[in-house]
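A.B. asks: I'd like to ask some things about the structure below.
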Amino acid sequence: MTQTPSPTARIATATATAPEPDRRELRRVAFATVIGTTIEWYDFFLYASAAGLVFGALFFAPAGPQIATLLAFATVGVSFLFRPLGAFLAGHFGDRIGRKAMLVITLILMGASTTLIGLLPSYEQIGILAPILLLLLRILQGLSTGGEWGGAVLMAVEHAPDRERGRYGAFPQIGVPIGLLLASGTLALMTGVVSPGDAFLAWGWRIPFLLSFVLIIVGIVVRRAVDESPVFVEIAAKKAAAKTPILTLFKRHWLLVLLAALTFAGNNAAGYMTTGGYLQNYATTPIADGGLVGMERTPVLLAVAAASVVWLACTFAAGMVSDRIGRRNTYIIGWIAFLATVFLLFPLVNTGNPWLLFLGVSLFAIGNGFTYGQQAAYFTELFPASIRYSGVSITYAIGAILGGAFAPMIAAWLVQTTGTATSVAFYIAGVMLVAFAATLLLRDRTGIPLGPDHEEEQSRGAIYGQRA
């Protein structure tokens, strides 16, 4: 059996033989991917935060406060069920016609859906039609998100030098905490300055959604300015595109998809405690309505926004560290950090002190970043070139369903059932341990060649126990 080169040896060989990349084009690609994912996730997190803060009262009021909260979080989760469909469609056409075109399409779909949510009448105005329309627009957001991430990370990683894939792959990843920062910051501005009190519920929440229309124009202009992925250009020149990439993916790599999805599920379940709007709802629900903390909206949103800066820094650091020590080792650091802080988060939030809430979410963000920053390079290196868009997109979508789709709703149910958030911490820790185990079953492929000439090497040996 041929000995597989170590990640360090692969990077050293690539460094010695690869031509010097066009740094100006790399900067354009990095900027385009971070701008695009920032806009996508600003829209996505804006919805999640609004679900925790106002959607229960606006669209599900007849159900009563607690059931309305569960229904609002259910709409957050339902959109995840449509991510695989978005991933299937974007993956198929991304593998067949290219990464760049799909990025622009998904960005337009997300921006249009978010803008229309800002225009929706409430239940009081149009009755049952209001939550139905809200759900339909949330489904369109799910379709968009399912296809957007895979294209963005492939554009970043496939353009990058072999020895810097983690670093450049971290650019679309940091768009996620930046999106959370913008969404939380904008909502904090609206609740604290522009439309405090009842004005926020009446009209102030709509402004951040309507702003998405402006952001989408900026994103399209930036993304259209970058070149297509060099790997896809090579695939097209060699006519090496798979005719049915999704069928090939599940026929040959179904176990790889499952294990990689489980690694993301752990990150997603934990991350959606904050990004999914649950923590915001948990901290701000009035005591009279069954809440346990009863804080004001604005300081909670500001604390989450500030903690997203910590998440951003750790995400980018994880990408860079993974270029030095490998993707798998970086994940292990992240899981240990997560498990060390998961039982500290809610006790700090329960104090009702915004600074301690910020500390708890910031500590949690360390593990969140170190199980996310390297993911773009990690997933890209797992799948063969001809089916890579389908592979990374579908794996990401399945992981999101298994981990984050209904995590806020499960957390809300656990607290209502047990009367304590400790049950939520045990739930998150359990999902993390499953993800940790899946990480240990996958080989580190840092530095593996990404082009279509290396399909045979890319197609085998990603899982321990398989032929390398």
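By convention in this document, the chains of the structure tokens carry letters A, B, ... by their order, each chain's residues are numbered from 1, and ligands are numbered from 1 in the order they are shown.
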Taking only C-alpha atoms into account, produce a table as a Markdown table in which each residue of stretch 274-390 of chain A with an atom at most 8 Å from an atom of stretch 444-451 of chain A appears once, together with its shortest atom pair and the distance in Å to one decimal, ordered by chain and rising number.
C.D. replies:
| residue | atom | partner | partner_atom | distance |
| --- | --- | --- | --- | --- |
| A:Asp323 | CA | A:Thr446 | CA | 7.5 |
| A:Gly326 | CA | A:Thr446 | CA | 5.8 |
| A:Arg327 | CA | A:Asp444 | CA | 6.3 |
| A:Arg328 | CA | A:Asp444 | CA | 5.5 |
| A:Ala377 | CA | A:Thr446 | CA | 7.9 |
| A:Tyr378 | CA | A:Thr446 | CA | 7.3 |
| A:Glu381 | CA | A:Arg445 | CA | 6.0 |
| A:Leu382 | CA | A:Arg445 | CA | 6.9 |
| A:Pro384 | CA | A:Leu450 | CA | 7.5 |
| A:Ala385 | CA | A:Gly451 | CA | 6.1 |
A.B. asks: Keeping only N, CA and C atoms, take the residues you just selected and write them out as a PDB file, in the first residue's frame.
C.D. replies:
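Writing done, so here's out.pdb:
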ATOM      1  N   ASP A 323      -3.719  25.980   9.140  1.00  0.00           N
ATOM      2  CA  ASP A 323      -2.657  25.882   8.121  1.00  0.00           C
ATOM      3  C   ASP A 323      -1.346  25.410   8.733  1.00  0.00           C
ATOM      4  N   GLY A 326      -2.961  21.649  11.073  1.00  0.00           N
ATOM      5  CA  GLY A 326      -3.953  20.774  10.460  1.00  0.00           C
ATOM      6  C   GLY A 326      -5.363  21.102  10.907  1.00  0.00           C
ATOM      7  N   ARG A 327      -6.337  20.769  10.035  1.00  0.00           N
ATOM      8  CA  ARG A 327      -7.741  21.087  10.333  1.00  0.00           C
ATOM      9  C   ARG A 327      -8.248  20.271  11.527  1.00  0.00           C
ATOM     10  N   ARG A 328      -7.912  18.979  11.558  1.00  0.00           N
ATOM     11  CA  ARG A 328      -8.437  18.086  12.581  1.00  0.00           C
ATOM     12  C   ARG A 328      -7.960  18.493  13.973  1.00  0.00           C
ATOM     13  N   ALA A 377     -11.924  25.191   4.477  1.00  0.00           N
ATOM     14  CA  ALA A 377     -10.815  24.412   3.914  1.00  0.00           C
ATOM     15  C   ALA A 377     -11.018  22.921   4.174  1.00  0.00           C
ATOM     16  N   TYR A 378     -11.499  22.585   5.353  1.00  0.00           N
ATOM     17  CA  TYR A 378     -11.703  21.190   5.750  1.00  0.00           C
ATOM     18  C   TYR A 378     -12.679  20.483   4.816  1.00  0.00           C
ATOM     19  N   GLU A 381     -11.379  20.093   1.157  1.00  0.00           N
ATOM     20  CA  GLU A 381     -10.358  19.054   0.991  1.00  0.00           C
ATOM     21  C   GLU A 381     -10.923  17.637   1.148  1.00  0.00           C
ATOM     22  N   LEU A 382     -12.143  17.507   1.629  1.00  0.00           N
ATOM     23  CA  LEU A 382     -12.737  16.185   1.819  1.00  0.00           C
ATOM     24  C   LEU A 382     -13.286  15.586   0.529  1.00  0.00           C
ATOM     25  N   PRO A 384     -13.984  15.152  -3.832  1.00  0.00           N
ATOM     26  CA  PRO A 384     -13.375  15.239  -5.160  1.00  0.00           C
ATOM     27  C   PRO A 384     -13.848  16.470  -5.926  1.00  0.00           C
ATOM     28  N   ALA A 385     -13.003  16.952  -6.839  1.00  0.00           N
ATOM     29  CA  ALA A 385     -13.259  18.211  -7.540  1.00  0.00           C
ATOM     30  C   ALA A 385     -14.575  18.214  -8.304  1.00  0.00           C
TER      31      ALA A 385
END
A.B. asks: Quick one: residues within 10 Å of stretch 119-130 of chain A, only C-alpha atoms, excluding same-chain residues fewer than 5 positions away - as a list of chain:residue names?
C.D. replies: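 Final neighbour list, sorted by chain and number: A:Phe55, A:Ala57, A:Leu58, A:Phe59, A:Phe60, A:Ala61, A:Pro62, A:Thr114, A:Leu135, A:Leu137, A:Ala202, A:Trp203, A:Arg206, A:Ile207, A:Phe209, A:Leu210.
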A.B. asks: Point out the residue among A:Val29, A:Ile39, A:Leu180, A:Ala48 with the least atom-to-atom distance to A:Val157, counting only C-alpha atoms.
C.D. replies: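 The shortest atom-to-atom distance to A:Val157 comes from A:Val29.
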A.B. asks: Excluding A:Ala156 and any residue of its chain fewer than 3 positions from it, enumerate the residues within 7 Å of it, using only C-alpha atoms, and give them as an NGL selection string.
C.D. replies: :A and (29-30 or 33 or 152-153 or 159-160 or 168-169)
A.B. asks: Take the residues just selected and output them with N, CA and C atoms as a compact mmCIF listing (two decimals), in the first residue's frame.
C.D. replies:
# COMPACT_ATOMS: atom_id res chain seq x y z
N VAL A 29 -11.09 38.25 -4.20
CA VAL A 29 -11.91 37.08 -3.87
C VAL A 29 -12.23 37.07 -2.38
N ALA A 30 -11.22 37.33 -1.54
CA ALA A 30 -11.44 37.34 -0.09
C ALA A 30 -12.49 38.39 0.28
N THR A 33 -16.03 37.29 -0.96
CA THR A 33 -16.66 36.21 -0.19
C THR A 33 -17.09 36.68 1.19
N ALA A 152 -19.43 30.08 -1.83
CA ALA A 152 -18.53 31.08 -1.27
C ALA A 152 -17.22 30.45 -0.80
N VAL A 153 -17.32 29.31 -0.09
CA VAL A 153 -16.09 28.72 0.42
C VAL A 153 -15.24 28.12 -0.70
N HIS A 159 -9.24 29.29 -4.92
CA HIS A 159 -8.34 30.34 -5.39
C HIS A 159 -7.04 30.40 -4.57
N ALA A 160 -7.08 29.90 -3.34
CA ALA A 160 -6.00 30.13 -2.38
C ALA A 160 -4.77 29.28 -2.67
N TYR A 168 -7.50 31.78 3.84
CA TYR A 168 -8.44 32.37 2.88
C TYR A 168 -9.83 31.77 3.03
N GLY A 169 -9.90 30.49 3.42
CA GLY A 169 -11.21 29.90 3.68
C GLY A 169 -11.90 30.50 4.88
A.B. asks: Which residue, A:Ala32, A:Ala400, A:Ala112, A:Val342, has the smallest gap to A:Val361 when you use only C-alpha atoms?
C.D. replies: A:Val342
A.B. asks: What is the distance between atom CA of A:Phe379 and atom CA of A:Leu215, in Å to one decimal?
C.D. replies: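 Atom-to-atom, atom CA of A:Phe379 to atom CA of A:Leu215, that is 28.0 Å.
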A.B. asks: Measuring atom to atom with only C-alpha atoms, identify which of A:Pro408, A:Pro172, A:Gly391, A:Pro208 is nearest to A:Ile117.
C.D. replies: A:Pro208
A.B. asks: Identify which of the residues A:Thr244, A:Thr298, A:Ser49, A:Gln458 lies closest to A:Gly91, counting only C-alpha atoms when measuring atom-to-atom distances.
C.D. replies: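 Ranking A:Thr244, A:Thr298, A:Ser49, A:Gln458 by distance to A:Gly91, first place goes to A:Thr244.
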A.B. asks: Tell me which of A:Ala199, A:Ile401, A:Ala283, A:Val392 sits closest to A:Leu357, counting only C-alpha atoms.
C.D. replies: A:Ala283
A.B. asks: Tell me, as a PyMOL selection string, which residues lie within 6 Å of A:Leu312, counting only C-alpha atoms; anything in the same chain fewer than 3 positions away does not count.
C.D. replies: chain A and resi 174+177+309+315
A.B. asks: Produce a file of the selected residues containing N, CA and C atoms, as a short mmCIF file (atom, residue, chain, number, x, y, z; two decimals), in the first residue's frame.
C.D. replies:
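Ended up saving to part_8.cif:
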data_model
loop_
_atom_site.label_atom_id
_atom_site.label_comp_id
_atom_site.auth_asym_id
_atom_site.auth_seq_id
_atom_site.Cartn_x
_atom_site.Cartn_y
_atom_site.Cartn_z
N ILE A 174 -15.83 34.28 8.49
CA ILE A 174 -15.99 35.44 9.38
C ILE A 174 -17.16 36.31 8.96
N PRO A 177 -20.01 35.74 11.83
CA PRO A 177 -20.07 36.61 13.01
C PRO A 177 -20.25 38.09 12.66
N VAL A 309 -17.69 39.81 18.09
CA VAL A 309 -16.34 40.23 17.72
C VAL A 309 -15.33 39.18 18.18
N THR A 315 -12.64 32.74 14.92
CA THR A 315 -12.90 32.07 13.64
C THR A 315 -11.73 32.28 12.69
#
A.B. asks: Can you pull out every residue within 8 Å of stretch 63-76 of chain A, counting only C-alpha atoms, but drop anything in the same chain fewer than 5 positions away, and send it as a VMD selection string?
C.D. replies: chain A and resid 47 to 48 51 to 52 55 to 57 135 138 276 289 to 290 405 to 406 408 to 409 412 to 413
A.B. asks: With N, CA and C atoms retained, export the selected residues as a tab-separated table (two decimals), in the first residue's frame.
C.D. replies:
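The result, written out as selection-v4.tsv:
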chain	number	residue	atom	x	y	z
A	47	TYR	N	-33.53	37.56	11.06
A	47	TYR	CA	-34.78	36.83	11.24
A	47	TYR	C	-34.78	36.08	12.57
A	48	ALA	N	-33.67	35.37	12.84
A	48	ALA	CA	-33.60	34.57	14.06
A	48	ALA	C	-33.75	35.44	15.30
A	51	ALA	N	-37.28	36.65	15.59
A	51	ALA	CA	-38.16	35.56	16.04
A	51	ALA	C	-38.17	35.47	17.55
A	52	GLY	N	-37.01	35.69	18.17
A	52	GLY	CA	-36.93	35.64	19.62
A	52	GLY	C	-37.49	36.86	20.30
A	55	PHE	N	-41.55	38.25	16.78
A	55	PHE	CA	-42.42	37.52	15.86
A	55	PHE	C	-43.52	36.76	16.58
A	56	GLY	N	-43.25	36.27	17.79
A	56	GLY	CA	-44.30	35.58	18.54
A	56	GLY	C	-45.50	36.48	18.76
A	57	ALA	N	-45.23	37.71	19.19
A	57	ALA	CA	-46.31	38.66	19.47
A	57	ALA	C	-47.00	39.15	18.21
A	135	LEU	N	-43.79	32.23	6.91
A	135	LEU	CA	-43.17	30.91	6.75
A	135	LEU	C	-42.66	30.70	5.33
A	138	ARG	N	-39.51	32.61	4.88
A	138	ARG	CA	-38.43	31.96	5.63
A	138	ARG	C	-37.92	30.73	4.87
A	276	GLY	N	-29.27	31.75	16.78
A	276	GLY	CA	-30.64	31.35	16.49
A	276	GLY	C	-31.69	32.12	17.26
A	289	ASP	N	-44.22	36.82	32.18
A	289	ASP	CA	-44.60	35.93	31.08
A	289	ASP	C	-43.90	34.58	31.16
A	290	GLY	N	-43.33	34.27	32.32
A	290	GLY	CA	-42.67	32.98	32.49
A	290	GLY	C	-41.18	33.00	32.28
A	405	ALA	N	-31.17	23.32	13.40
A	405	ALA	CA	-32.50	23.61	12.88
A	405	ALA	C	-33.51	23.89	13.99
A	406	PHE	N	-33.61	22.96	14.92
A	406	PHE	CA	-34.60	23.11	15.97
A	406	PHE	C	-33.97	23.27	17.35
A	408	PRO	N	-33.02	26.04	18.98
A	408	PRO	CA	-33.70	27.04	19.83
A	408	PRO	C	-35.04	26.55	20.35
A	409	MET	N	-35.81	25.85	19.50
A	409	MET	CA	-37.12	25.35	19.93
A	409	MET	C	-36.96	24.25	20.99
A	412	ALA	N	-36.02	25.95	24.23
A	412	ALA	CA	-37.19	26.59	24.85
A	412	ALA	C	-38.09	25.54	25.51
A	413	TRP	N	-38.29	24.41	24.84
A	413	TRP	CA	-39.11	23.35	25.40
A	413	TRP	C	-38.48	22.76	26.66
A.B. asks: Report as a short mmCIF file (atom, residue, chain, number, x, y, z; two decimals) with N, CA and C atoms, in the first residue's frame all protein, DNA and RNA residues lying within 6 Å of stretch 301-304 of chain A, evaluated on only C-alpha atoms, omitting residues in the same chain fewer than 3 positions from it.
C.D. replies:
data_model
loop_
_atom_site.label_atom_id
_atom_site.label_comp_id
_atom_site.auth_asym_id
_atom_site.auth_seq_id
_atom_site.Cartn_x
_atom_site.Cartn_y
_atom_site.Cartn_z
N SER A 184 -27.42 42.16 15.24
CA SER A 184 -27.64 42.50 16.65
C SER A 184 -27.46 43.99 16.88
N ALA A 188 -30.23 46.55 18.16
CA ALA A 188 -29.98 47.30 19.39
C ALA A 188 -30.19 48.79 19.17
N THR A 298 -32.16 45.98 24.72
CA THR A 298 -30.98 46.67 24.17
C THR A 298 -29.66 46.17 24.76
N ALA A 307 -19.91 40.22 21.73
CA ALA A 307 -19.33 38.88 21.80
C ALA A 307 -19.08 38.31 20.41
N PHE A 358 -22.18 39.07 28.51
CA PHE A 358 -21.14 39.24 27.48
C PHE A 358 -19.98 38.28 27.73
#
A.B. asks: Residues of stretch 72-182 of chain A within 10 Å of stretch 317-322 of chain A: nearest atom pair and distance (Å, one decimal) for each, counting only C-alpha atoms, sorted by chain and number, as a tab-separated table?
C.D. replies:
residue	atom	partner	partner_atom	distance
A:Arg163	CA	A:Met320	CA	9.9
A:Glu164	CA	A:Met320	CA	7.5
A:Arg165	CA	A:Gly319	CA	8.0
A:Gly166	CA	A:Gly319	CA	4.2
A:Arg167	CA	A:Met320	CA	4.6
A:Tyr168	CA	A:Gly319	CA	7.7
A:Gly169	CA	A:Gly319	CA	6.8
A:Ala170	CA	A:Gly319	CA	5.2
A:Phe171	CA	A:Gly319	CA	8.7
A:Gln173	CA	A:Gly319	CA	8.9
A:Ile174	CA	A:Gly319	CA	9.9
A.B. asks: Which is closest to A:Ala340 among A:Ala429, A:Gly403, A:Thr38, A:Ala305, if we use only C-alpha atoms?
C.D. replies: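 Closest residue, counting only C-alpha atoms: A:Ala429.
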A.B. asks: Quick check, in Å to one decimal: how far apart do atom CA of A:Ile105 and atom CA of A:Ala270 lie?
C.D. replies: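 Distance reported for this atom pair: 29.4 Å.
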